[in-house]
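Student: Have a look at the structure that comes next, please.
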Amino acid sequence: MEKRTILNSRHFEITLKRLASQLKENHQLFENTVLIGLQPRGIHVLNRLKTILEEDLKKDLTCGQLDITFYRDDFRRREQPIIPSVTNIDFIIEEKNVVLIDDVLFSGRTIRAGLDALLAFGRPNRVELLSFIDRRFERHLPIQPDYTGKVVDTMSTQRVSVEWKEIEGEDKVVLYTEEK
Amino acid sequence: MKSLSVEHLIGIKELSQEDIELIFETADSFKQVINRPIKKVPSLRDITIANLFFENSTRTRLSFELAEKRLSADVVNFSAASSSVKKGETLIDTVNNILAMKVDLVVMRHPNPGAAKFLSERVDARVVNAGDGTHEHPTQALLDAYSIREELGSDFKGKKVVIVGDIKHSRVALSNIFCLQKLGAEVMVCGPTTLMPKHIAELGVKVEHDLKKALEWCDVANMLRIQLERQDIQFFPSLREYSMMYGLDKALLDSLSKKIVVMHPGPINRGVEITSDVADSDQSIILQQVENGVAIRMAVIYLLAAQIKR
């Protein structure tokens with residue numbers, strides 16, 4: 001497996017800060033906006049953005065964690081069932097502006113399921129999508145992000161992994177290529 | 001990613017501790033789902049489930065049906081009282097006719113022990129046992145243990161549970177004994193000698209005939225219903241005498257040196273196994289058991305359905 005770092009920790013930090021600024025431009029004081037991270041790995045993007053924004057705005061933001069396991073379209077197509085993670089949304093999203101947050105946007109199927117899962121908590125006014133990495137040529141569904149950390153051009157056999165200081169020990173994005 | 005080690009849920013006896021814990025973890029997620037404003041998920045929208053009830057049931061049947069509907073499965077119901085079984089059709093014929101209508105999973109309650117296993121060996125569908133005679137009632141045991149886990153925490157080591165009443169005719173007792181022992185809890189059975197199966201101690205349970213002593217020993221008391229419908233001869237002189245010896249009332253509960261948790265699988269014969277003030281007290285978790293029943297059944301059906309190949 002060939003391994004190449006496509007975003008080092010310095011650029012990682014800059015990218016997060018830029019995303020936070022872009023969110024602030026569109027949502028100002030986040031009065032009617034909630035941030036929702038997709039389980040499992042979108043939560044890390046959410047937590048970092050939350051820290052940056054809360055420090056900046058000097059107020060608490062409404063944030064939630066959404067698990068989409070039961071809404072996937074590949075149930076029974078896998079060898080083993082996926083074990084769900086925790087959903088933690090203790091507010092109603094009725095008439096709210098929602099920013100869905102995930103780490104890597106690939107086929108778009110996770111986001112499709114996320115939109116479905118979101119409806120169980122009310123009818124949002126508007127939903128936007130923030131993806132830290134956008135693998136732009138791999139889409140199976142007509143879903144595009146509103147905020148992108150970095151666009152990468154990949155083949156479907158490659159794998160992109162976003163790694164986090166608090167879990168893997170270092171902030172970076174790695175591209176894995178299968179060796180022939 | 002994990003998966004159950006069995007293809008059918010016939011009894012707790014066939015499950016491993018990991019299976020039981022996997023079911024509990026999955027049920028945790030479904031419990032969240034059923035407490036949301038919209039209580040339904042689309043996971044099983046391409047699965048059809050038949051509920052075959054050859055014996056009366058309210059709670060179990062409603063609970064299974066709700067669980068199936070909240071997973072978005074298509075559901076067909078069948079009850080023996082209003083069917084061709086009355087005209088002399090055999091079990092296999094009945095079931096094969098239903099399966100010819102392309103059913104993926106069968107939930108069955110039957111008065112004969114072993115009926116679910118018999119069926120699972122002969123039909124091409126997943127089978128969930130919803131009670132087979134005096135043998136097992138696995139989903140009830142799972143929801144009982146799940147409710148205990150909610151009250152006392154997920155480590156069952158050293159937890160003491162007493163099952164009181166009609167052990168001989170109770171499938172709930174047998175499934176509960178298997179389930180609690182697999183999780184590491186200590187189990188005691190308590191009841192009159194006539195309602196105690198002959199070799200029960202060989203299952204590794206303590207046997208006690210004095211209710212007060214049993215209650216002093218335990219953390220949780222599961223009060224079983226007296227199953228008059230299964231008693232072909234008289235096992236005790238009168239219901240009144242039974243309730244004086246083995247009924248739990250508020251005075252007895254308050255006289256104990258610690259606060260125990262009181263459970264009942266329903267339906268309650270108020271004033272026989274437990275009195276109304278005990279059933280409605282804050283130590284009783286009877287209604288939590290019912291709520292957890294839906295989450296547990298969703299988890300079982302979800303995990304079994306995940307194994308069905310297209």
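Note on naming: chains are A, B, ... as they come in the structure tokens, residues start from 1 per chain, ligands start from 1 in the order shown.
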Kindly provide, as a list of chain:residue names, the residues of chain B having any atom no farther than 8 Å from an atom of chain A, counting only C-alpha atoms.

Tutor: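 Taking only C-alpha atoms into account, B:Met1, B:Lys2, B:Ser3, B:Thr26, B:Ser29, B:Gln32, B:Arg36, B:Pro37, B:Ile38, B:Lys39, B:Lys40, B:Val41, B:Pro42, B:Ser43, B:Leu303, B:Ala305, B:Ala306, B:Gln307, B:Ile308, B:Lys309, B:Arg310 sit within 8 Å of chain A.
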
Student: Just to be explicit: take each residue in the selection above, keep N, CA and C atoms, and write the result as a PDB file, in the first residue's frame.

Tutor:
ATOM      1  N   MET B   1     -17.562  -4.139  13.044  1.00  0.00           N
ATOM      2  CA  MET B   1     -18.729  -4.853  12.512  1.00  0.00           C
ATOM      3  C   MET B   1     -18.832  -6.253  13.113  1.00  0.00           C
ATOM      4  N   LYS B   2     -19.992  -6.567  13.622  1.00  0.00           N
ATOM      5  CA  LYS B   2     -20.178  -7.872  14.247  1.00  0.00           C
ATOM      6  C   LYS B   2     -21.473  -8.488  13.738  1.00  0.00           C
ATOM      7  N   SER B   3     -21.627  -9.768  14.008  1.00  0.00           N
ATOM      8  CA  SER B   3     -22.800 -10.455  13.517  1.00  0.00           C
ATOM      9  C   SER B   3     -23.192 -11.541  14.511  1.00  0.00           C
ATOM     10  N   THR B  26     -27.182  -3.080  20.155  1.00  0.00           N
ATOM     11  CA  THR B  26     -28.051  -2.661  19.057  1.00  0.00           C
ATOM     12  C   THR B  26     -29.360  -2.101  19.610  1.00  0.00           C
ATOM     13  N   SER B  29     -29.350   1.570  20.565  1.00  0.00           N
ATOM     14  CA  SER B  29     -29.593   2.501  19.458  1.00  0.00           C
ATOM     15  C   SER B  29     -31.072   2.566  19.100  1.00  0.00           C
ATOM     16  N   GLN B  32     -33.089   4.708  21.456  1.00  0.00           N
ATOM     17  CA  GLN B  32     -33.022   6.128  21.061  1.00  0.00           C
ATOM     18  C   GLN B  32     -34.045   6.422  19.969  1.00  0.00           C
ATOM     19  N   ARG B  36     -37.743   9.158  19.675  1.00  0.00           N
ATOM     20  CA  ARG B  36     -37.693  10.374  18.865  1.00  0.00           C
ATOM     21  C   ARG B  36     -39.091  10.778  18.434  1.00  0.00           C
ATOM     22  N   PRO B  37     -39.231  12.023  17.926  1.00  0.00           N
ATOM     23  CA  PRO B  37     -40.550  12.406  17.412  1.00  0.00           C
ATOM     24  C   PRO B  37     -41.015  11.472  16.290  1.00  0.00           C
ATOM     25  N   ILE B  38     -40.114  11.078  15.409  1.00  0.00           N
ATOM     26  CA  ILE B  38     -40.463  10.106  14.364  1.00  0.00           C
ATOM     27  C   ILE B  38     -39.761   8.803  14.701  1.00  0.00           C
ATOM     28  N   LYS B  39     -40.569   7.781  15.006  1.00  0.00           N
ATOM     29  CA  LYS B  39     -40.025   6.586  15.653  1.00  0.00           C
ATOM     30  C   LYS B  39     -39.665   5.482  14.682  1.00  0.00           C
ATOM     31  N   LYS B  40     -39.481   5.834  13.427  1.00  0.00           N
ATOM     32  CA  LYS B  40     -39.360   4.796  12.420  1.00  0.00           C
ATOM     33  C   LYS B  40     -38.068   4.945  11.634  1.00  0.00           C
ATOM     34  N   VAL B  41     -37.425   3.811  11.301  1.00  0.00           N
ATOM     35  CA  VAL B  41     -36.253   3.846  10.425  1.00  0.00           C
ATOM     36  C   VAL B  41     -36.512   2.945   9.220  1.00  0.00           C
ATOM     37  N   PRO B  42     -35.887   3.245   8.072  1.00  0.00           N
ATOM     38  CA  PRO B  42     -36.233   2.492   6.858  1.00  0.00           C
ATOM     39  C   PRO B  42     -35.437   1.206   6.619  1.00  0.00           C
ATOM     40  N   SER B  43     -34.679   0.725   7.612  1.00  0.00           N
ATOM     41  CA  SER B  43     -33.743  -0.386   7.375  1.00  0.00           C
ATOM     42  C   SER B  43     -34.339  -1.612   6.676  1.00  0.00           C
ATOM     43  N   LEU B 303     -30.772  -7.725  13.391  1.00  0.00           N
ATOM     44  CA  LEU B 303     -29.544  -8.511  13.273  1.00  0.00           C
ATOM     45  C   LEU B 303     -29.768  -9.793  12.469  1.00  0.00           C
ATOM     46  N   ALA B 305     -32.203 -10.208  10.146  1.00  0.00           N
ATOM     47  CA  ALA B 305     -32.511  -9.811   8.768  1.00  0.00           C
ATOM     48  C   ALA B 305     -31.261  -9.418   8.014  1.00  0.00           C
ATOM     49  N   ALA B 306     -30.263  -8.893   8.736  1.00  0.00           N
ATOM     50  CA  ALA B 306     -29.020  -8.480   8.080  1.00  0.00           C
ATOM     51  C   ALA B 306     -28.317  -9.660   7.433  1.00  0.00           C
ATOM     52  N   GLN B 307     -28.606 -10.865   7.918  1.00  0.00           N
ATOM     53  CA  GLN B 307     -27.926 -12.048   7.358  1.00  0.00           C
ATOM     54  C   GLN B 307     -28.637 -12.582   6.119  1.00  0.00           C
ATOM     55  N   ILE B 308     -29.858 -12.132   5.850  1.00  0.00           N
ATOM     56  CA  ILE B 308     -30.595 -12.665   4.695  1.00  0.00           C
ATOM     57  C   ILE B 308     -29.967 -12.100   3.426  1.00  0.00           C
ATOM     58  N   LYS B 309     -29.514 -13.006   2.570  1.00  0.00           N
ATOM     59  CA  LYS B 309     -28.885 -12.545   1.326  1.00  0.00           C
ATOM     60  C   LYS B 309     -29.961 -12.256   0.283  1.00  0.00           C
ATOM     61  N   ARG B 310     -29.642 -11.311  -0.557  1.00  0.00           N
ATOM     62  CA  ARG B 310     -30.596 -10.992  -1.630  1.00  0.00           C
ATOM     63  C   ARG B 310     -30.634 -12.078  -2.683  1.00  0.00           C
TER      64      ARG B 310
END

Student: Assign secondary structure with DSSP using the backbone only, and return the residues of chain A in alpha helix (DSSP H) as JSON, numbers by chain.

Tutor: {"A": [9, 10, 11, 12, 13, 14, 15, 16, 17, 18, 19, 20, 21, 22, 23, 24, 25, 26, 27, 42, 43, 44, 45, 46, 47, 48, 49, 50, 51, 52, 53, 54, 55, 56, 57, 109, 110, 111, 112, 113, 114, 115, 116, 117, 118, 165, 166, 167, 168]}

Student: Please save N, CA and C atoms of the selected residues as a short mmCIF file (atom, residue, chain, number, x, y, z; two decimals), in the first residue's frame.

Tutor:
data_model
loop_
_atom_site.label_atom_id
_atom_site.label_comp_id
_atom_site.auth_asym_id
_atom_site.auth_seq_id
_atom_site.Cartn_x
_atom_site.Cartn_y
_atom_site.Cartn_z
N SER A 9 0.03 18.91 8.89
CA SER A 9 -0.71 19.45 10.03
C SER A 9 -0.87 20.97 9.95
N ARG A 10 0.11 21.66 9.31
CA ARG A 10 -0.01 23.12 9.22
C ARG A 10 -1.17 23.48 8.28
N HIS A 11 -1.19 22.84 7.12
CA HIS A 11 -2.26 23.13 6.17
C HIS A 11 -3.62 22.65 6.67
N PHE A 12 -3.59 21.59 7.45
CA PHE A 12 -4.78 21.03 8.08
C PHE A 12 -5.45 22.12 8.94
N GLU A 13 -4.62 22.77 9.77
CA GLU A 13 -5.08 23.82 10.68
C GLU A 13 -5.63 25.00 9.89
N ILE A 14 -4.87 25.41 8.86
CA ILE A 14 -5.30 26.55 8.03
C ILE A 14 -6.64 26.25 7.37
N THR A 15 -6.78 25.01 6.89
CA THR A 15 -8.01 24.62 6.21
C THR A 15 -9.21 24.70 7.16
N LEU A 16 -9.02 24.19 8.39
CA LEU A 16 -10.11 24.23 9.37
C LEU A 16 -10.51 25.68 9.66
N LYS A 17 -9.50 26.55 9.81
CA LYS A 17 -9.78 27.95 10.12
C LYS A 17 -10.53 28.60 8.97
N ARG A 18 -10.13 28.27 7.74
CA ARG A 18 -10.83 28.85 6.59
C ARG A 18 -12.29 28.40 6.54
N LEU A 19 -12.50 27.09 6.82
CA LEU A 19 -13.88 26.58 6.82
C LEU A 19 -14.70 27.32 7.87
N ALA A 20 -14.11 27.53 9.04
CA ALA A 20 -14.81 28.23 10.11
C ALA A 20 -15.19 29.64 9.66
N SER A 21 -14.26 30.32 8.99
CA SER A 21 -14.55 31.68 8.51
C SER A 21 -15.66 31.68 7.49
N GLN A 22 -15.64 30.69 6.60
CA GLN A 22 -16.69 30.61 5.57
C GLN A 22 -18.07 30.40 6.22
N LEU A 23 -18.10 29.54 7.24
CA LEU A 23 -19.37 29.31 7.95
C LEU A 23 -19.85 30.60 8.59
N LYS A 24 -18.90 31.35 9.18
CA LYS A 24 -19.25 32.59 9.87
C LYS A 24 -19.79 33.62 8.89
N GLU A 25 -19.20 33.65 7.70
CA GLU A 25 -19.69 34.59 6.69
C GLU A 25 -21.16 34.36 6.39
N ASN A 26 -21.56 33.11 6.28
CA ASN A 26 -22.94 32.80 5.90
C ASN A 26 -23.91 32.75 7.07
N HIS A 27 -23.38 32.47 8.27
CA HIS A 27 -24.31 32.27 9.39
C HIS A 27 -24.10 33.29 10.51
N GLY A 42 -17.17 12.21 11.09
CA GLY A 42 -17.52 13.61 10.89
C GLY A 42 -17.52 14.39 12.20
N ILE A 43 -17.64 13.62 13.30
CA ILE A 43 -17.69 14.23 14.63
C ILE A 43 -16.41 15.01 14.94
N HIS A 44 -15.27 14.48 14.45
CA HIS A 44 -13.99 15.17 14.73
C HIS A 44 -13.93 16.52 14.03
N VAL A 45 -14.42 16.56 12.78
CA VAL A 45 -14.45 17.84 12.05
C VAL A 45 -15.34 18.81 12.81
N LEU A 46 -16.51 18.30 13.23
CA LEU A 46 -17.45 19.13 13.97
C LEU A 46 -16.81 19.71 15.23
N ASN A 47 -16.17 18.84 16.01
CA ASN A 47 -15.61 19.29 17.28
C ASN A 47 -14.55 20.38 17.09
N ARG A 48 -13.69 20.22 16.07
CA ARG A 48 -12.65 21.23 15.82
C ARG A 48 -13.27 22.56 15.40
N LEU A 49 -14.23 22.48 14.48
CA LEU A 49 -14.86 23.71 14.01
C LEU A 49 -15.58 24.41 15.16
N LYS A 50 -16.22 23.59 16.00
CA LYS A 50 -16.95 24.11 17.15
C LYS A 50 -16.00 24.88 18.06
N THR A 51 -14.84 24.28 18.36
CA THR A 51 -13.86 24.93 19.23
C THR A 51 -13.42 26.27 18.64
N ILE A 52 -13.08 26.26 17.35
CA ILE A 52 -12.61 27.49 16.70
C ILE A 52 -13.70 28.57 16.74
N LEU A 53 -14.92 28.18 16.37
CA LEU A 53 -16.01 29.15 16.27
C LEU A 53 -16.42 29.68 17.64
N GLU A 54 -16.46 28.79 18.63
CA GLU A 54 -16.89 29.23 19.97
C GLU A 54 -15.89 30.20 20.59
N GLU A 55 -14.60 29.94 20.33
CA GLU A 55 -13.56 30.84 20.82
C GLU A 55 -13.72 32.22 20.18
N ASP A 56 -14.00 32.17 18.90
CA ASP A 56 -14.10 33.38 18.10
C ASP A 56 -15.35 34.20 18.47
N LEU A 57 -16.47 33.51 18.62
CA LEU A 57 -17.75 34.20 18.83
C LEU A 57 -18.06 34.41 20.31
N ARG A 109 -23.57 8.68 -0.84
CA ARG A 109 -24.64 7.86 -0.27
C ARG A 109 -24.83 8.10 1.22
N THR A 110 -23.73 8.35 1.92
CA THR A 110 -23.83 8.65 3.35
C THR A 110 -24.65 9.91 3.57
N ILE A 111 -24.41 10.92 2.73
CA ILE A 111 -25.13 12.17 2.87
C ILE A 111 -26.62 11.98 2.56
N ARG A 112 -26.90 11.16 1.55
CA ARG A 112 -28.30 10.87 1.21
C ARG A 112 -29.00 10.27 2.43
N ALA A 113 -28.33 9.30 3.06
CA ALA A 113 -28.89 8.67 4.27
C ALA A 113 -29.00 9.70 5.40
N GLY A 114 -28.01 10.58 5.47
CA GLY A 114 -28.01 11.62 6.52
C GLY A 114 -29.21 12.54 6.38
N LEU A 115 -29.54 12.90 5.14
CA LEU A 115 -30.69 13.78 4.90
C LEU A 115 -31.98 13.09 5.35
N ASP A 116 -32.04 11.78 5.08
CA ASP A 116 -33.18 10.97 5.50
C ASP A 116 -33.29 10.94 7.02
N ALA A 117 -32.17 10.66 7.65
CA ALA A 117 -32.13 10.53 9.11
C ALA A 117 -32.50 11.85 9.78
N LEU A 118 -32.09 12.95 9.15
CA LEU A 118 -32.34 14.28 9.70
C LEU A 118 -33.83 14.57 9.84
N LYS A 165 -5.16 14.46 15.48
CA LYS A 165 -4.24 14.56 16.60
C LYS A 165 -4.74 13.74 17.79
N GLU A 166 -6.04 13.91 18.12
CA GLU A 166 -6.57 13.29 19.34
C GLU A 166 -6.76 11.77 19.19
N ILE A 167 -6.69 11.24 17.96
CA ILE A 167 -6.87 9.80 17.81
C ILE A 167 -5.62 9.14 17.26
N GLU A 168 -5.20 9.58 16.09
CA GLU A 168 -4.04 8.94 15.47
C GLU A 168 -2.72 9.59 15.89
#

Student: Determine the nearest neighbour of Gln288 in chain B from the options B:Leu143, B:Ala201, B:Met188, B:Ile301, counting only C-alpha atoms.

Tutor: B:Leu143

Student: To one decimal in Å, tell me the separation between CA of Val207 in chain B and CA of Gly191 in chain B.

Tutor: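 About the pair CA of Val207 in chain B and CA of Gly191 in chain B: they are 8.5 Å apart.
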
Student: Report, in Å with one decimal, the straight-line distance from CA of Val187 in chain B to CA of Lys259 in chain B.

Tutor: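 For CA of Val187 in chain B relative to CA of Lys259 in chain B, the distance reads 17.9 Å.
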
Student: For Met101 in chain B, list every protein, DNA or RNA residue within 12 Å, evaluated using only C-alpha atoms, and leave out those in the same chain fewer than 3 positions away; present the list as a PDB file with N, CA and C atoms, in the first residue's frame.

Tutor:
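To be explicit, this is the file written out as result.pdb:
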ATOM      1  N   THR B  48     -40.245  -8.955   4.418  1.00  0.00           N
ATOM      2  CA  THR B  48     -41.614  -9.261   4.826  1.00  0.00           C
ATOM      3  C   THR B  48     -41.578 -10.241   5.992  1.00  0.00           C
ATOM      4  N   ILE B  49     -42.357  -9.961   6.999  1.00  0.00           N
ATOM      5  CA  ILE B  49     -42.344 -10.783   8.218  1.00  0.00           C
ATOM      6  C   ILE B  49     -43.743 -11.317   8.503  1.00  0.00           C
ATOM      7  N   ALA B  50     -43.823 -12.608   8.825  1.00  0.00           N
ATOM      8  CA  ALA B  50     -45.109 -13.187   9.216  1.00  0.00           C
ATOM      9  C   ALA B  50     -45.107 -13.445  10.717  1.00  0.00           C
ATOM     10  N   VAL B  76     -47.383  -9.463   8.029  1.00  0.00           N
ATOM     11  CA  VAL B  76     -48.668 -10.159   7.951  1.00  0.00           C
ATOM     12  C   VAL B  76     -48.902 -10.891   9.263  1.00  0.00           C
ATOM     13  N   THR B  94     -49.267 -25.090   6.920  1.00  0.00           N
ATOM     14  CA  THR B  94     -49.647 -23.696   7.166  1.00  0.00           C
ATOM     15  C   THR B  94     -48.482 -22.776   6.843  1.00  0.00           C
ATOM     16  N   VAL B  95     -47.309 -23.127   7.377  1.00  0.00           N
ATOM     17  CA  VAL B  95     -46.161 -22.250   7.228  1.00  0.00           C
ATOM     18  C   VAL B  95     -45.682 -22.209   5.779  1.00  0.00           C
ATOM     19  N   ASN B  96     -45.641 -23.379   5.123  1.00  0.00           N
ATOM     20  CA  ASN B  96     -45.202 -23.379   3.731  1.00  0.00           C
ATOM     21  C   ASN B  96     -46.123 -22.564   2.829  1.00  0.00           C
ATOM     22  N   ASN B  97     -47.394 -22.588   3.135  1.00  0.00           N
ATOM     23  CA  ASN B  97     -48.324 -21.753   2.366  1.00  0.00           C
ATOM     24  C   ASN B  97     -48.047 -20.278   2.556  1.00  0.00           C
ATOM     25  N   ILE B  98     -47.699 -19.940   3.789  1.00  0.00           N
ATOM     26  CA  ILE B  98     -47.392 -18.531   4.051  1.00  0.00           C
ATOM     27  C   ILE B  98     -46.075 -18.149   3.383  1.00  0.00           C
ATOM     28  N   ASP B 104     -39.813 -13.470   4.455  1.00  0.00           N
ATOM     29  CA  ASP B 104     -38.388 -13.653   4.757  1.00  0.00           C
ATOM     30  C   ASP B 104     -38.140 -14.130   6.179  1.00  0.00           C
ATOM     31  N   LEU B 105     -39.041 -13.767   7.079  1.00  0.00           N
ATOM     32  CA  LEU B 105     -38.783 -14.042   8.485  1.00  0.00           C
ATOM     33  C   LEU B 105     -40.098 -14.402   9.173  1.00  0.00           C
ATOM     34  N   ALA B 125     -36.720 -19.794   5.825  1.00  0.00           N
ATOM     35  CA  ALA B 125     -36.901 -18.426   6.325  1.00  0.00           C
ATOM     36  C   ALA B 125     -36.270 -18.381   7.707  1.00  0.00           C
TER      37      ALA B 125
END

Student: Applying 9 Å and only C-alpha atoms, which residues near Leu119 in chain B remain after dropping the ones on its own chain fewer than 5 positions away? List them as a VMD selection string.

Tutor: chain B and resid 91 to 92 95 114 127

Student: Those residues you just picked out, can you put them in a file as a PDB file, in the first residue's frame with N, CA and C atoms?

Tutor:
ATOM      1  N   LEU B  91     -48.854 -27.865  10.862  1.00  0.00           N
ATOM      2  CA  LEU B  91     -47.998 -26.691  11.048  1.00  0.00           C
ATOM      3  C   LEU B  91     -47.162 -26.415   9.798  1.00  0.00           C
ATOM      4  N   ILE B  92     -46.510 -27.474   9.277  1.00  0.00           N
ATOM      5  CA  ILE B  92     -45.643 -27.290   8.112  1.00  0.00           C
ATOM      6  C   ILE B  92     -46.441 -26.792   6.911  1.00  0.00           C
ATOM      7  N   VAL B  95     -47.309 -23.127   7.377  1.00  0.00           N
ATOM      8  CA  VAL B  95     -46.161 -22.250   7.228  1.00  0.00           C
ATOM      9  C   VAL B  95     -45.682 -22.209   5.779  1.00  0.00           C
ATOM     10  N   GLY B 114     -40.425 -26.941  21.312  1.00  0.00           N
ATOM     11  CA  GLY B 114     -39.656 -27.427  20.171  1.00  0.00           C
ATOM     12  C   GLY B 114     -40.236 -27.049  18.822  1.00  0.00           C
ATOM     13  N   VAL B 127     -36.286 -17.831  11.619  1.00  0.00           N
ATOM     14  CA  VAL B 127     -37.357 -18.047  12.598  1.00  0.00           C
ATOM     15  C   VAL B 127     -36.993 -17.379  13.926  1.00  0.00           C
TER      16      VAL B 127
END

Student: So which residues touch Phe156 in chain B within 9 Å, counting only C-alpha atoms, skipping near sequence neighbours fewer than 2 positions away, as an mmCIF file with C-alpha atoms, in the first residue's frame?

Tutor:
data_model
loop_
_atom_site.group_PDB
_atom_site.id
_atom_site.type_symbol
_atom_site.label_atom_id
_atom_site.label_comp_id
_atom_site.auth_asym_id
_atom_site.auth_seq_id
_atom_site.Cartn_x
_atom_site.Cartn_y
_atom_site.Cartn_z
ATOM 1 C CA ILE B 148 -31.805 -5.251 34.739
ATOM 2 C CA ARG B 149 -28.748 -3.862 32.906
ATOM 3 C CA LEU B 152 -27.969 -2.070 37.847
ATOM 4 C CA GLY B 153 -25.329 -1.458 35.160
ATOM 5 C CA SER B 154 -23.861 -3.643 32.446
ATOM 6 C CA GLY B 158 -22.233 -10.985 41.320
ATOM 7 C CA LYS B 159 -25.739 -9.673 40.607
ATOM 8 C CA LYS B 160 -28.378 -11.820 42.260
ATOM 9 C CA LEU B 180 -28.620 -14.389 33.270
ATOM 10 C CA GLN B 181 -26.103 -17.187 33.780
ATOM 11 C CA LEU B 183 -24.058 -12.860 31.498
ATOM 12 C CA GLY B 184 -22.492 -13.922 34.801
ATOM 13 C CA ALA B 185 -25.344 -13.317 37.253
ATOM 14 C CA GLU B 186 -26.353 -15.682 40.051
#

Student: Applying 7 Å and only C-alpha atoms, which residues near His137 in chain B remain after dropping the ones on its own chain fewer than 5 positions away? List them as JSON, numbers by chain.

Tutor: {"B": [11, 129, 130, 131, 132, 171, 172, 175]}

Student: Based on the selection just made, write N, CA and C atoms of those residues as a CSV table (one decimal), in the first residue's frame.

Tutor:
chain,number,residue,atom,x,y,z
B,11,GLY,N,-33.7,-20.2,21.0
B,11,GLY,CA,-33.6,-20.1,22.5
B,11,GLY,C,-32.4,-19.4,22.9
B,129,ASN,N,-38.4,-17.4,17.8
B,129,ASN,CA,-39.3,-18.0,18.7
B,129,ASN,C,-39.9,-17.0,19.6
B,130,ALA,N,-41.2,-16.9,19.6
B,130,ALA,CA,-41.9,-15.9,20.5
B,130,ALA,C,-42.6,-16.7,21.6
B,131,GLY,N,-42.0,-17.9,21.9
B,131,GLY,CA,-42.5,-18.7,23.0
B,131,GLY,C,-43.0,-20.0,22.5
B,132,ASP,N,-42.4,-21.1,22.9
B,132,ASP,CA,-42.8,-22.4,22.4
B,132,ASP,C,-43.2,-23.3,23.7
B,171,ARG,N,-41.8,-20.8,30.4
B,171,ARG,CA,-40.7,-20.7,29.5
B,171,ARG,C,-39.9,-19.5,29.8
B,172,VAL,N,-40.5,-18.5,30.4
B,172,VAL,CA,-39.8,-17.3,30.8
B,172,VAL,C,-38.7,-17.6,31.8
B,175,SER,N,-35.6,-19.5,30.0
B,175,SER,CA,-34.9,-18.5,29.2
B,175,SER,C,-34.1,-17.5,30.0

Student: Between CA of Leu62 in chain B and CA of Asp19 in chain B, what distance in Å does the model show, to one decimal?

Tutor: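 Separation of CA of Leu62 in chain B and CA of Asp19 in chain B: 24.5 Å.
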
Student: Per DSSP on the backbone, filter range 52-261 of chain B down to the residues in strand (DSSP E) and report them as an NGL selection string.

Tutor: :B and (52-53 or 74-79 or 105-110 or 126-132 or 160-164 or 186-190 or 206-208 or 220-223 or 261)
